[in-house]
$ cat query.tsv   # TSV, C-alpha atoms
chain	number	residue	atom	x	y	z
A	132	MET	CA	0.00	0.00	0.00
A	133	ASP	CA	1.10	3.53	-0.75
A	134	LYS	CA	2.69	5.00	2.38
A	135	LYS	CA	0.49	8.07	2.17
A	136	LEU	CA	-2.66	5.97	2.08
A	137	SER	CA	-1.73	3.88	5.11
A	138	HIS	CA	-2.93	6.93	7.04
A	139	PRO	CA	-5.47	8.43	4.66
A	140	ARG	CA	-6.64	11.95	5.26
A	141	ILE	CA	-10.35	12.23	4.68
A	142	LEU	CA	-12.52	15.33	4.46
A	143	LEU	CA	-16.17	14.61	5.19
A	144	VAL	CA	-18.48	17.40	4.09
A	145	GLU	CA	-21.88	16.63	5.58
A	146	ASP	CA	-24.26	18.80	7.61
A	147	ASN	CA	-26.69	16.16	8.85
A	148	PRO	CA	-25.49	15.03	12.30
A	149	VAL	CA	-27.16	11.63	11.96
A	150	PHE	CA	-25.36	10.97	8.68
A	151	GLN	CA	-22.11	12.38	10.00
A	152	THR	CA	-22.26	9.76	12.73
A	153	LEU	CA	-23.24	6.95	10.35
A	154	ILE	CA	-20.42	7.80	7.93
A	155	LEU	CA	-17.85	8.26	10.69
A	156	LYS	CA	-18.76	4.77	11.88
A	157	GLN	CA	-17.88	3.49	8.40
A	158	LEU	CA	-14.57	5.30	8.57
A	159	GLU	CA	-13.45	4.37	12.08
A	160	ASP	CA	-11.32	1.40	10.96
A	161	ILE	CA	-10.11	3.18	7.82
A	162	SER	CA	-8.72	6.45	9.11
A	163	HIS	CA	-8.18	8.40	12.29
A	164	ASP	CA	-7.58	11.53	10.26
A	165	VAL	CA	-11.09	12.60	9.35
A	166	ARG	CA	-12.10	16.25	9.33
A	167	VAL	CA	-15.81	17.04	9.30
A	168	ILE	CA	-17.16	20.18	7.67
A	169	THR	CA	-20.82	21.16	7.95
A	170	ARG	CA	-20.85	24.60	6.33
A	171	GLY	CA	-19.73	25.09	2.76
A	172	GLU	CA	-18.11	28.40	3.73
A	173	HIS	CA	-15.81	26.53	6.10
A	174	PHE	CA	-14.28	24.34	3.41
A	175	PRO	CA	-10.52	24.91	3.49
A	176	GLU	CA	-8.52	26.67	0.79
A	177	GLY	CA	-5.44	25.59	-1.16
A	178	ASP	CA	-2.87	23.54	0.75
A	179	ASP	CA	-5.16	23.39	3.78
A	180	ILE	CA	-7.37	20.98	1.86
A	181	ALA	CA	-4.66	18.27	2.16
A	182	ALA	CA	-6.96	15.29	1.69
A	183	ASP	CA	-6.59	11.88	0.08
A	184	LEU	CA	-10.35	11.66	-0.27
A	185	VAL	CA	-13.29	14.06	-0.03
A	186	ILE	CA	-16.78	12.73	0.72
A	187	LEU	CA	-19.15	15.45	-0.36
A	188	ASP	CA	-22.83	16.12	0.19
A	189	TYR	CA	-24.71	18.69	-1.91
A	190	HIS	CA	-26.98	20.30	0.67
A	191	LEU	CA	-24.96	22.02	3.38
A	192	GLU	CA	-25.46	24.69	6.00
A	193	GLY	CA	-24.90	28.17	4.58
A	194	GLU	CA	-24.91	29.46	1.03
A	195	VAL	CA	-22.08	27.35	-0.44
A	196	ASN	CA	-23.22	23.92	-1.63
A	197	GLY	CA	-21.40	20.72	-2.54
A	198	TYR	CA	-21.29	21.62	-6.22
A	199	ASP	CA	-19.54	24.91	-5.44
A	200	ILE	CA	-16.97	22.96	-3.42
A	201	LEU	CA	-16.52	20.43	-6.21
A	202	LYS	CA	-15.81	23.26	-8.67
A	203	LYS	CA	-13.22	24.64	-6.25
A	204	LEU	CA	-11.58	21.22	-5.90
A	205	LYS	CA	-11.47	20.70	-9.66
A	206	SER	CA	-9.58	23.96	-10.08
A	207	LEU	CA	-6.67	22.60	-8.02
A	208	PRO	CA	-3.54	21.42	-9.87
A	209	VAL	CA	-4.00	17.95	-8.37
A	210	PRO	CA	-7.58	17.58	-7.17
A	211	PRO	CA	-8.25	14.92	-4.53
A	212	PRO	CA	-10.68	12.12	-5.45
A	213	VAL	CA	-14.26	12.96	-4.55
A	214	ILE	CA	-17.14	10.64	-3.72
A	215	PHE	CA	-20.41	12.55	-4.03
A	216	PHE	CA	-22.87	11.21	-1.44
A	217	SER	CA	-26.15	13.06	-1.71
A	218	ALA	CA	-29.87	12.37	-1.73
A	219	ASN	CA	-32.39	12.86	-4.55
A	220	LEU	CA	-30.76	15.63	-6.48
A	221	GLU	CA	-32.40	17.16	-9.50
A	222	LEU	CA	-31.18	15.73	-12.78
A	223	THR	CA	-29.53	18.99	-13.80
A	224	ILE	CA	-27.45	19.05	-10.61
A	225	THR	CA	-26.55	15.38	-10.89
A	226	SER	CA	-25.41	15.78	-14.49
A	227	SER	CA	-23.39	18.89	-13.60
A	228	VAL	CA	-21.65	16.97	-10.81
A	229	LEU	CA	-20.89	14.03	-13.10
A	230	LYS	CA	-19.68	16.38	-15.82
A	231	LEU	CA	-17.15	17.96	-13.47
A	232	GLY	CA	-15.99	14.48	-12.52
A	233	VAL	CA	-16.29	12.47	-9.34
A	234	VAL	CA	-15.04	8.99	-8.52
A	235	GLU	CA	-18.59	7.93	-7.80
A	236	TYR	CA	-21.98	9.47	-7.24
A	237	ILE	CA	-23.88	7.55	-4.57
A	238	GLU	CA	-27.48	8.23	-3.63
A	239	LYS	CA	-27.36	9.04	0.09
A	240	SER	CA	-29.32	6.73	2.31
A	241	ILE	CA	-28.64	4.43	5.23
A	242	PHE	CA	-29.06	1.59	2.73
A	243	SER	CA	-26.18	2.83	0.56
A	244	LEU	CA	-23.58	3.06	3.34
A	245	ALA	CA	-22.12	-0.31	2.34
A	246	ARG	CA	-21.71	0.98	-1.21
A	247	LEU	CA	-20.01	4.10	0.15
A	248	ARG	CA	-17.64	1.96	2.20
A	249	GLU	CA	-16.75	-0.15	-0.84
A	250	SER	CA	-16.07	2.97	-2.85
A	251	ILE	CA	-13.85	4.42	-0.10
A	252	HIS	CA	-11.86	1.18	-0.02
A	253	THR	CA	-11.44	1.27	-3.78
A	254	VAL	CA	-10.29	4.89	-3.84
A	255	LEU	CA	-7.81	4.39	-1.02
A	256	GLY	CA	-6.55	1.07	-2.38
A	257	LEU	CA	-7.58	-0.80	0.73
A	258	GLN	CA	-8.61	-4.42	0.95
A	259	THR	CA	-12.33	-4.89	0.71
A	260	ILE	CA	-14.39	-7.64	2.24
A	261	GLY	CA	-13.74	-10.79	0.27
A	262	GLU	CA	-10.18	-9.78	-0.60
A	263	ALA	CA	-8.90	-10.39	2.91
A	264	VAL	CA	-6.39	-13.22	3.17
B	859	MET	CA	-27.72	-9.12	21.45
B	860	THR	CA	-29.65	-11.76	19.60
B	861	GLN	CA	-30.59	-11.56	15.97
B	862	ASP	CA	-34.28	-11.44	16.92
B	863	SER	CA	-33.83	-8.16	18.74
B	864	THR	CA	-33.07	-6.42	15.46
B	865	ALA	CA	-36.44	-7.19	13.97
B	866	THR	CA	-38.50	-4.48	15.63
B	867	GLY	CA	-35.81	-2.14	16.83
B	868	ALA	CA	-37.10	-2.36	20.40
B	869	THR	CA	-34.70	-3.17	23.18
B	870	PRO	CA	-35.13	-6.82	24.12
B	871	GLY	CA	-37.12	-7.38	27.28
B	872	LYS	CA	-38.79	-3.99	27.16
B	873	SER	CA	-42.27	-3.23	25.99
B	874	ASN	CA	-43.05	-0.07	24.12
B	875	GLN	CA	-44.73	2.88	25.76
B	876	ASN	CA	-48.45	2.30	26.37
B	877	GLY	CA	-48.12	-1.11	24.74
B	878	ASN	CA	-48.09	0.43	21.27
B	879	ASP	CA	-46.09	-1.02	18.40
B	880	PRO	CA	-42.85	0.85	17.87
B	881	LEU	CA	-43.02	3.59	15.25
B	882	TYR	CA	-39.35	3.10	14.50
B	883	ASP	CA	-37.24	0.24	13.23
B	884	LEU	CA	-33.54	0.27	14.04
B	885	THR	CA	-32.67	-2.72	11.85
B	886	MET	CA	-30.40	-0.68	9.59
B	887	VAL	CA	-28.81	1.25	12.45
B	888	ARG	CA	-28.07	-2.07	14.16
B	889	SER	CA	-26.67	-3.40	10.91
B	890	VAL	CA	-24.33	-0.44	10.54
B	891	SER	CA	-23.36	-0.59	14.23
B	892	GLY	CA	-21.51	-3.90	13.93
B	893	GLY	CA	-22.96	-4.87	17.31
B	894	ASP	CA	-21.80	-1.68	19.03
B	895	GLU	CA	-24.61	-0.91	21.50
B	896	GLY	CA	-22.96	2.41	22.39
B	897	PHE	CA	-23.26	3.48	18.78
B	898	ILE	CA	-26.97	2.59	18.71
B	899	GLN	CA	-27.54	4.62	21.89
B	900	LYS	CA	-25.60	7.50	20.32
B	901	MET	CA	-27.77	7.41	17.21
B	902	VAL	CA	-30.96	7.39	19.28
B	903	ARG	CA	-29.77	10.33	21.39
B	904	LEU	CA	-28.71	12.21	18.28
B	905	PHE	CA	-32.14	11.70	16.77
B	906	ILE	CA	-33.89	12.86	19.95
B	907	GLU	CA	-31.67	15.94	20.24
B	908	THR	CA	-31.40	17.09	16.63
B	909	VAL	CA	-34.76	16.34	15.03
B	910	PRO	CA	-37.10	18.50	17.19
B	911	PRO	CA	-35.35	21.78	16.22
B	912	GLY	CA	-35.65	20.77	12.56
B	913	LEU	CA	-39.33	19.99	12.99
B	914	LYS	CA	-39.92	23.33	14.71
B	915	GLU	CA	-38.20	25.08	11.83
B	916	LEU	CA	-40.28	23.07	9.33
B	917	LYS	CA	-43.54	24.07	11.02
B	918	GLU	CA	-42.52	27.73	11.14
B	919	ALA	CA	-41.49	27.70	7.48
B	920	ALA	CA	-44.77	26.02	6.46
B	921	ALA	CA	-46.83	28.46	8.54
B	922	THR	CA	-45.16	31.41	6.83
B	923	SER	CA	-45.29	29.92	3.30
B	924	GLN	CA	-41.51	29.78	2.92
B	925	TRP	CA	-41.70	26.87	0.50
B	926	GLU	CA	-38.05	26.76	-0.55
B	927	ARG	CA	-37.09	26.55	3.09
B	928	VAL	CA	-39.75	23.89	3.68
B	929	ALA	CA	-38.30	21.81	0.81
B	930	LYS	CA	-34.76	22.13	2.15
B	931	ILE	CA	-35.68	21.14	5.73
B	932	ALA	CA	-37.89	18.26	4.54
B	933	HIS	CA	-35.02	17.03	2.37
B	934	LYS	CA	-32.75	16.94	5.39
B	935	LEU	CA	-35.33	15.27	7.64
B	936	LYS	CA	-36.14	12.65	5.00
B	937	SER	CA	-32.86	10.75	5.23
B	938	THR	CA	-32.93	10.90	9.03
B	939	ILE	CA	-36.49	9.51	9.10
B	940	ASP	CA	-35.41	6.71	6.75
B	941	SER	CA	-32.38	5.93	8.90
B	942	MET	CA	-34.55	5.44	11.98
B	943	GLY	CA	-37.02	3.31	10.02
B	944	ILE	CA	-40.03	5.55	10.69
B	945	ALA	CA	-42.12	4.04	7.91
B	946	SER	CA	-45.43	5.74	8.72
B	947	VAL	CA	-44.19	9.19	7.60
B	948	LYS	CA	-41.69	8.10	4.97
B	949	ASP	CA	-44.03	9.07	2.11
B	950	ASP	CA	-45.39	12.18	3.84
B	951	ILE	CA	-42.00	13.84	4.26
B	952	ARG	CA	-41.21	13.15	0.60
B	953	LYS	CA	-44.55	14.63	-0.42
B	954	VAL	CA	-43.84	17.72	1.68
B	955	GLU	CA	-40.49	18.13	-0.04
B	956	SER	CA	-41.78	17.63	-3.59
B	957	THR	CA	-44.90	19.77	-3.11
B	958	ALA	CA	-42.87	22.60	-1.59
B	959	LYS	CA	-40.25	22.34	-4.33
B	960	GLU	CA	-42.86	22.46	-7.08
B	961	GLN	CA	-44.92	25.05	-5.17
B	962	SER	CA	-48.08	23.40	-6.36
B	963	ASP	CA	-50.95	22.50	-4.04
B	964	THR	CA	-49.06	24.04	-1.14
B	965	GLY	CA	-52.31	24.18	0.86
B	966	THR	CA	-51.84	20.48	1.62
B	967	ILE	CA	-48.43	21.00	3.23
B	968	PRO	CA	-49.41	22.18	6.75
B	969	ALA	CA	-51.53	19.06	7.39
B	970	MET	CA	-48.74	16.77	6.20
B	971	VAL	CA	-46.22	18.63	8.34
B	972	GLU	CA	-48.57	18.28	11.31
B	973	LYS	CA	-48.77	14.51	10.79
B	974	VAL	CA	-44.98	14.21	10.51
B	975	ASP	CA	-44.60	16.25	13.70
B	976	ILE	CA	-47.11	14.15	15.67
B	977	VAL	CA	-45.59	10.82	14.57
B	978	ILE	CA	-42.04	11.93	15.29
B	979	GLN	CA	-42.99	13.29	18.73
B	980	GLN	CA	-44.60	9.91	19.52
B	981	CYS	CA	-41.56	8.14	18.17
B	982	ILE	CA	-39.28	10.21	20.38
B	983	SER	CA	-41.43	9.33	23.42
B	984	GLN	CA	-41.13	5.65	22.54
B	985	LEU	CA	-37.36	5.88	22.05
B	986	LYS	CA	-36.95	7.69	25.39
B	987	HIS	CA	-38.99	4.98	27.06
B	988	ASP	CA	-37.35	2.02	25.33
B	989	PHE	CA	-33.80	3.28	25.78
B	990	SER	CA	-34.41	4.72	29.28
B	991	ILE	CA	-33.31	8.18	28.18
$ encode --input "query.tsv" --output "structure tokens"
Amino acid sequence: MDKKLSHPRILLVEDNPVFQTLILKQLEDISHDVRVITRGEHFPEGDDIAADLVILDYHLEGEVNGYDILKKLKSLPVPPPVIFFSANLELTITSSVLKLGVVEYIEKSIFSLARLRESIHTVLGLQTIGEAV
Amino acid sequence: MTQDSTATGATPGKSNQNGNDPLYDLTMVRSVSGGDEGFIQKMVRLFIETVPPGLKELKEAAATSQWERVAKIAHKLKSTIDSMGIASVKDDIRKVESTAKEQSDTGTIPAMVEKVDIVIQQCISQLKHDFSI
């Protein structure tokens, strides 16, 4: 495994406290370096982003949404991989997100947490269930 | 914890308040928990603490015809309601969101919001009783 990804730095952008907790539970054996951001305006700038993975919701507290953040990330010289995890977006928003480019767009629900976990493992190059020796 | 205890979401050995069937189903929360009872308690507390302010905001927004705000709050509540398996208002909260978003037939929204509020308040009472909170 890549040395960097043995301690992956994850940015979780999610304003719903219930989902924050559910996602953090998925991450607890993957990384101890998880920063949680609830307001779009609080998303870091430039080198302060320093993440190996960004998990991004669309609806956030404040005026800046997940799409605005995605645009900002895509303007970086080396953008981090992004998993978009959001519920029932309008088709125009979904297509805009996909057009900008994300590793995966997952419909947010408690039922899709396993899919999110699989995607995180894939992005970070970790063993997934079934690959364990 | 036995497998049977996950079926209804109720804590084994405890009856629900007033002998009513539980309005919630923690099957998915238990599934995500990996058997961590502390996590389940945390989720229940989080629900009890964070949902009432959202409901209050939803009622205020509906009473003052702020439909965009109603749609945004309903969107956020929807995934939380699903996570706690509150099936009896699953469709209502979606209808509130879509009706408010489309701003058509908005006269039906206050009654739906009222139903969601009543069911969730009952659900919170049951959770407090069943989890001795």
$ interface_residues --input "query.tsv" --of "chain A" --to "chain B" --cutoff "9 Å" --atoms "all atoms listed in the file" --output "list in words"
Asp146, Asn147, Pro148, Val149, Phe150, Thr152, Leu153, Lys156, Gln157, His190, Ala218, Asn219, Lys239, Ser240, Ile241, Phe242, Leu244 and Ala245 of chain A
$ residues_around --input "query.tsv" --residues "A:Leu201" --least-positions-apart "4" --cutoff "12 Å" --atoms "all atoms listed in the file" --output "ChimeraX atom specification"
/A:144,171,174,185-189,195-197,205-207,210-215,224,227-234
$ residues_around --input "query.tsv" --residues "stretch 161-170 of chain A" --least-positions-apart "3" --cutoff "7 Å" --atoms "only C-alpha atoms" --output "ChimeraX atom specification"
/A:138-146,158,173-174,191-193
$ write_last_selection --input "query.tsv" --atoms "C-alpha atoms" --output "PDB file, in the coordinates of the input"
ATOM      1  CA  HIS A 138      -2.930   6.930   7.040  1.00  0.00           C
ATOM      2  CA  PRO A 139      -5.470   8.430   4.660  1.00  0.00           C
ATOM      3  CA  ARG A 140      -6.640  11.950   5.260  1.00  0.00           C
ATOM      4  CA  ILE A 141     -10.350  12.230   4.680  1.00  0.00           C
ATOM      5  CA  LEU A 142     -12.520  15.330   4.460  1.00  0.00           C
ATOM      6  CA  LEU A 143     -16.170  14.610   5.190  1.00  0.00           C
ATOM      7  CA  VAL A 144     -18.480  17.400   4.090  1.00  0.00           C
ATOM      8  CA  GLU A 145     -21.880  16.630   5.580  1.00  0.00           C
ATOM      9  CA  ASP A 146     -24.260  18.800   7.610  1.00  0.00           C
ATOM     10  CA  LEU A 158     -14.570   5.300   8.570  1.00  0.00           C
ATOM     11  CA  HIS A 173     -15.810  26.530   6.100  1.00  0.00           C
ATOM     12  CA  PHE A 174     -14.280  24.340   3.410  1.00  0.00           C
ATOM     13  CA  LEU A 191     -24.960  22.020   3.380  1.00  0.00           C
ATOM     14  CA  GLU A 192     -25.460  24.690   6.000  1.00  0.00           C
ATOM     15  CA  GLY A 193     -24.900  28.170   4.580  1.00  0.00           C
TER      16      GLY A 193
END
$ atom_distance --input "query.tsv" --atom1 "atom CA of B:Lys959" --atom2 "atom CA of B:Trp925"
6.8 Å
$ closest_residue --input "query.tsv" --among "A:Glu221, A:Glu235, A:Asp183, A:Glu176" --to "A:Leu204" --atoms "only C-alpha atoms"
A:Glu176
$ atom_distance --input "query.tsv" --atom1 "atom CA of B:Ser946" --atom2 "atom CA of B:Ile967"
16.5 Å
